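> Pasting a structure below so you can have a look.
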Number of protein chains: 2
Amino acid sequence: MRHICLIMDTKRPTAREAIIAAAFEVLSRNPGAKLSDIAERAGVGRATLHRYFASRDDLIQALAMTAVEEMDEAAEVAMKDARSYSEALKAIVSAFIPLGDRYSFLMREPLEESTALAEEFERQAEETRQLIEKTKKEGLFDPAVPTDWLVQAFDHLLYAGWESVRTGQTTPRQAADLAWRTLTHGLKA
Amino acid sequence: MRHICLIMDTKRPTAREAIIAAAFEVLSRNPGAKLSDIAERAGVGRATLHRYFASRDDLIQALAMTAVEEMDEAAEVAMKDARSYSEALKAIVSAFIPLGDRYSFLMREPLEESTALAEEFERQAEETRQLIEKTKKEGLFDPAVPTDWLVQAFDHLLYAGWESVRTGQTTPRQAADLAWRTLTHGLKA
DNA sequence: CCATAATGAGACATATATGTCTCATTTGAG
DNA sequence: CTCAAATGAGACATATATGTCTCATTATGG
């Protein structure tokens, strides 16, 4: 019996996954959307949503966790065939830009406090930090520039890319190039 | 009689102004704070707050309008003795960085729709755009870089500076320098 | 000192999302 | 087919900020 349950846990195309997917869709368009909107979009009853996610915060937290996992995965794939840390960082920019329209609403949520999620955030931030440190040693960035600022600039230029794509000003590819150029060489003539 | 009223409108050290000041203080620490918290901080009753601002949205809108005005003023002062548009833009970065801790919560508010405020936003964005266009003609930026991206990068590096100051990573002066450097020359070695 | 306006305190009504619970129905495994 | 688990629909209770209103008190201008 148990092994069957385990299989079902792994391959469950509906319910929980459908709700998470619907939540991303709905909340990215309207961050204040009601749970009933999300349930409807997911094609499930509101009660079922509550069976999987006890509260709104629970759901938001699950979304954030999903985002972290997907970004981890995207980063890993992007770094796979990079020949240097600098190439890897650049590849990550390109890989993250298309994720913006799904995740950007999370920035407006008052997350925090949850230990499990906070740890993941911290870990991911630390990984970014260390990758940037390594690119510094490769000579990509001026060692005199604080790594903290590099992280801030990296993050916010990513957001700028998201916004740029969202408003139709650029394609994801263009946004990635512009963000990378800004970070490394700036925009001077 | 009327002239007296006019004078009172101009010099009113209490009530409305106190509420706005308190709202900035309270909301920048806790964006979801209750109106009663704001009223208390302002030293007025909740009813009085409602006499000046019919609804929460009204208050938020007034805060946004205040922010726009203060940024206009800060920009004007900063540009006063600039000898070029490029210098002016740089001065604006320095002038805006210290404003972050008061205004950043406004980014999380679902503003929009209000005609008067939306117009101000649009005007200010357009002014930034045109200033950047002029710095382009002075040779500060690569003409091949879309002005839209320059505006995005400008805004988001400003936010990066705000965050950097807020978390104590840098002083406002350092943040301004780093943001400017990133925008113009990037962070390469 | 007077009269008007502004204020504070608090009761009151409202709205609305949220979370809980029940029960009939459906689904899926054996 | 049978039964247990999952689900949907919807009633129900709850919580809480919000906005309104009243009235006694205070402040202020004349």
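Letters for chains follow the order of the structure tokens (A, B, ...), residue numbers begin at 1 for each chain, and ligand numbers begin at 1 in the order shown.
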Show me a table, sorted first by chain and then by increasing residue number, of the residues of chain D having an atom at most 10 Å from chain B, each with its shortest atom pair and the distance in Å to one decimal, counting only C-alpha atoms (C1' of nucleotides) and written as a tab-separated table.

residue	atom	partner	partner_atom	distance
D:DA17	C1'	B:Lys34	CA	7.1
D:DT18	C1'	B:Ser55	CA	8.1
D:DG19	C1'	B:Ser55	CA	7.5
D:DT20	C1'	B:Ala47	CA	9.4
> Could those residues be written to a file, using C-alpha atoms (C1' of nucleotides), as a compact mmCIF listing (two decimals), in the first residue's frame?

# COMPACT_ATOMS: atom_id res chain seq x y z
C1' DA D 17 -10.23 47.19 9.68
C1' DT D 18 -13.00 50.63 7.94
C1' DG D 19 -16.11 54.33 7.76
C1' DT D 20 -20.08 56.94 10.08
> How close does each residue of chain C get to chain A, giving the shortest atom pair and distance in Å to one decimal for every residue with an atom at most 10 Å away, counting only C-alpha atoms (C1' of nucleotides), sorted by chain and residue number, as a Markdown table?

| residue | atom | partner | partner_atom | distance |
| --- | --- | --- | --- | --- |
| C:DA17 | C1' | A:Lys34 | CA | 7.2 |
| C:DT18 | C1' | A:Ser55 | CA | 8.0 |
| C:DG19 | C1' | A:Ser55 | CA | 7.5 |
| C:DT20 | C1' | A:Ala47 | CA | 9.4 |
> Quick check for you: according to DSSP on this backbone, which residues of chain B are classed as alpha helix (DSSP H)? Reply as a VMD selection string.
chain B and resid 2 to 10 16 to 29 35 to 42 46 to 52 56 to 79 85 to 96 100 to 103 115 to 137 147 to 166 172 to 184
> Name the residues in contact with region 114-119 of chain A at a cut-off of 12 Å, using only C-alpha atoms (C1' of nucleotides), excluding same-chain residues fewer than 5 positions from it; report them as an mmCIF file with C-alpha atoms, in the first residue's frame.

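around-v6.cif, written as the output of this step:
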data_model
loop_
_atom_site.group_PDB
_atom_site.id
_atom_site.type_symbol
_atom_site.label_atom_id
_atom_site.label_comp_id
_atom_site.auth_asym_id
_atom_site.auth_seq_id
_atom_site.Cartn_x
_atom_site.Cartn_y
_atom_site.Cartn_z
ATOM 1 C CA ASP A 57 -0.275 32.702 4.157
ATOM 2 C CA ASP A 58 0.267 28.999 3.748
ATOM 3 C CA ILE A 60 1.786 32.316 -0.424
ATOM 4 C CA GLN A 61 4.530 30.538 1.414
ATOM 5 C CA ALA A 62 4.164 27.491 -0.820
ATOM 6 C CA LEU A 63 4.350 29.758 -3.852
ATOM 7 C CA ALA A 64 7.512 31.357 -2.569
ATOM 8 C CA MET A 65 9.005 27.968 -1.894
ATOM 9 C CA THR A 66 8.083 26.834 -5.386
ATOM 10 C CA ALA A 67 9.687 29.953 -6.812
ATOM 11 C CA VAL A 68 12.876 29.302 -4.898
ATOM 12 C CA GLU A 69 13.002 25.726 -6.142
ATOM 13 C CA GLN A 124 19.959 31.379 -2.209
ATOM 14 C CA ALA A 125 21.200 34.861 -1.391
ATOM 15 C CA GLU A 126 24.377 33.384 -0.008
#
> Provide as a VMD selection string the residues of chain B at most 10 Å from chain A, counting only C-alpha atoms.
chain B and resid 30 to 32 105 107 to 110 136 138 to 146 148 to 164 169 to 170 174 to 175 178 to 189
> As a PDB file with N, CA and C atoms (P, O5', C5', C4', C3', O3' and C1' of nucleotides), in the first residue's frame, please: the residues near DA6 (chain D) (cut-off 9 Å, only C-alpha atoms (C1' of nucleotides), same-chain neighbours under 3 positions excluded).

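As written to disk, selection.pdb reads:
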ATOM      1  N   THR A  48     -11.563  22.715  -1.151  1.00  0.00           N
ATOM      2  CA  THR A  48     -10.411  21.885  -1.523  1.00  0.00           C
ATOM      3  C   THR A  48      -9.115  22.677  -1.404  1.00  0.00           C
TER       4      THR A  48
ATOM      5  P    DT C  26     -22.769  12.572  -8.917  1.00  0.00           P
ATOM      6  O5'  DT C  26     -21.182  12.439  -8.982  1.00  0.00           O
ATOM      7  C5'  DT C  26     -20.374  13.614  -8.905  1.00  0.00           C
ATOM      8  C4'  DT C  26     -18.926  13.222  -8.710  1.00  0.00           C
ATOM      9  C3'  DT C  26     -18.411  12.160  -9.671  1.00  0.00           C
ATOM     10  O3'  DT C  26     -17.226  12.627 -10.294  1.00  0.00           O
ATOM     11  C1'  DT C  26     -17.869  11.581  -7.443  1.00  0.00           C
ATOM     12  P    DT C  27     -16.640  11.800 -11.537  1.00  0.00           P
ATOM     13  O5'  DT C  27     -15.306  11.206 -10.903  1.00  0.00           O
ATOM     14  C5'  DT C  27     -14.530  12.022 -10.011  1.00  0.00           C
ATOM     15  C4'  DT C  27     -13.528  11.159  -9.277  1.00  0.00           C
ATOM     16  C3'  DT C  27     -12.888  10.064 -10.131  1.00  0.00           C
ATOM     17  O3'  DT C  27     -11.492  10.183 -10.077  1.00  0.00           O
ATOM     18  C1'  DT C  27     -13.676   9.173  -8.071  1.00  0.00           C
TER      19       DT C  27
END
> Please provide as a list in words all residues within 9 Å of Lys90 (chain A), with the sequence filter that same-chain residues fewer than 2 positions apart are discarded (counting only C-alpha atoms (C1' of nucleotides)).
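My list of contacting residues is Ala78, Tyr85, Ser86, Glu87, Ala88, Ile92, Val93, Ser94, Ala95, Ala176, Asp177 and Trp180 of chain A.
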> For the residues selected in the previous step, produce a file with N, CA, C and O atoms as a compact mmCIF listing (two decimals), in the first residue's frame.

# COMPACT_ATOMS: atom_id res chain seq x y z
N ALA A 78 21.30 26.58 -16.11
CA ALA A 78 22.02 27.65 -16.80
C ALA A 78 23.53 27.53 -16.60
O ALA A 78 24.32 27.85 -17.49
N TYR A 85 32.94 31.04 -13.91
CA TYR A 85 31.92 31.60 -13.03
C TYR A 85 31.27 32.82 -13.67
O TYR A 85 30.08 33.06 -13.52
N SER A 86 32.05 33.57 -14.40
CA SER A 86 31.50 34.77 -15.05
C SER A 86 30.46 34.39 -16.08
O SER A 86 29.39 35.00 -16.16
N GLU A 87 30.76 33.36 -16.85
CA GLU A 87 29.79 32.88 -17.84
C GLU A 87 28.54 32.38 -17.13
O GLU A 87 27.43 32.59 -17.59
N ALA A 88 28.75 31.72 -16.02
CA ALA A 88 27.64 31.17 -15.26
C ALA A 88 26.72 32.29 -14.78
O ALA A 88 25.50 32.21 -14.91
N ILE A 92 22.83 32.94 -15.75
CA ILE A 92 21.77 33.02 -14.76
C ILE A 92 20.86 34.21 -15.01
O ILE A 92 19.64 34.13 -14.88
N VAL A 93 21.47 35.30 -15.39
CA VAL A 93 20.65 36.48 -15.71
C VAL A 93 19.66 36.12 -16.81
O VAL A 93 18.45 36.36 -16.69
N SER A 94 20.17 35.53 -17.87
CA SER A 94 19.29 35.15 -18.98
C SER A 94 18.22 34.17 -18.55
O SER A 94 17.09 34.23 -19.03
N ALA A 95 18.58 33.29 -17.65
CA ALA A 95 17.63 32.27 -17.22
C ALA A 95 16.56 32.83 -16.30
O ALA A 95 15.43 32.35 -16.27
N ALA A 176 17.89 40.77 -20.86
CA ALA A 176 19.03 40.08 -20.25
C ALA A 176 20.34 40.74 -20.69
O ALA A 176 21.23 40.98 -19.86
N ASP A 177 20.44 41.05 -21.96
CA ASP A 177 21.66 41.69 -22.46
C ASP A 177 21.86 43.05 -21.83
O ASP A 177 22.97 43.40 -21.42
N TRP A 180 22.83 42.77 -18.14
CA TRP A 180 24.21 42.31 -18.02
C TRP A 180 25.19 43.43 -18.38
O TRP A 180 26.17 43.67 -17.67
> Figure out the distance between CA of Ser104 (chain B) and CA of Ser104 (chain A), please, to one decimal in Å.
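Separation of CA of Ser104 (chain A) and CA of Ser104 (chain B): 16.1 Å.
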> Here is a test: counting only C-alpha atoms, which residue of A:Lys134, A:Ala75, A:Ala91, A:Ile20 is nearest to Phe53 (chain A)?
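Using only C-alpha atoms, the shortest distance to Phe53 (chain A) belongs to A:Ile20.
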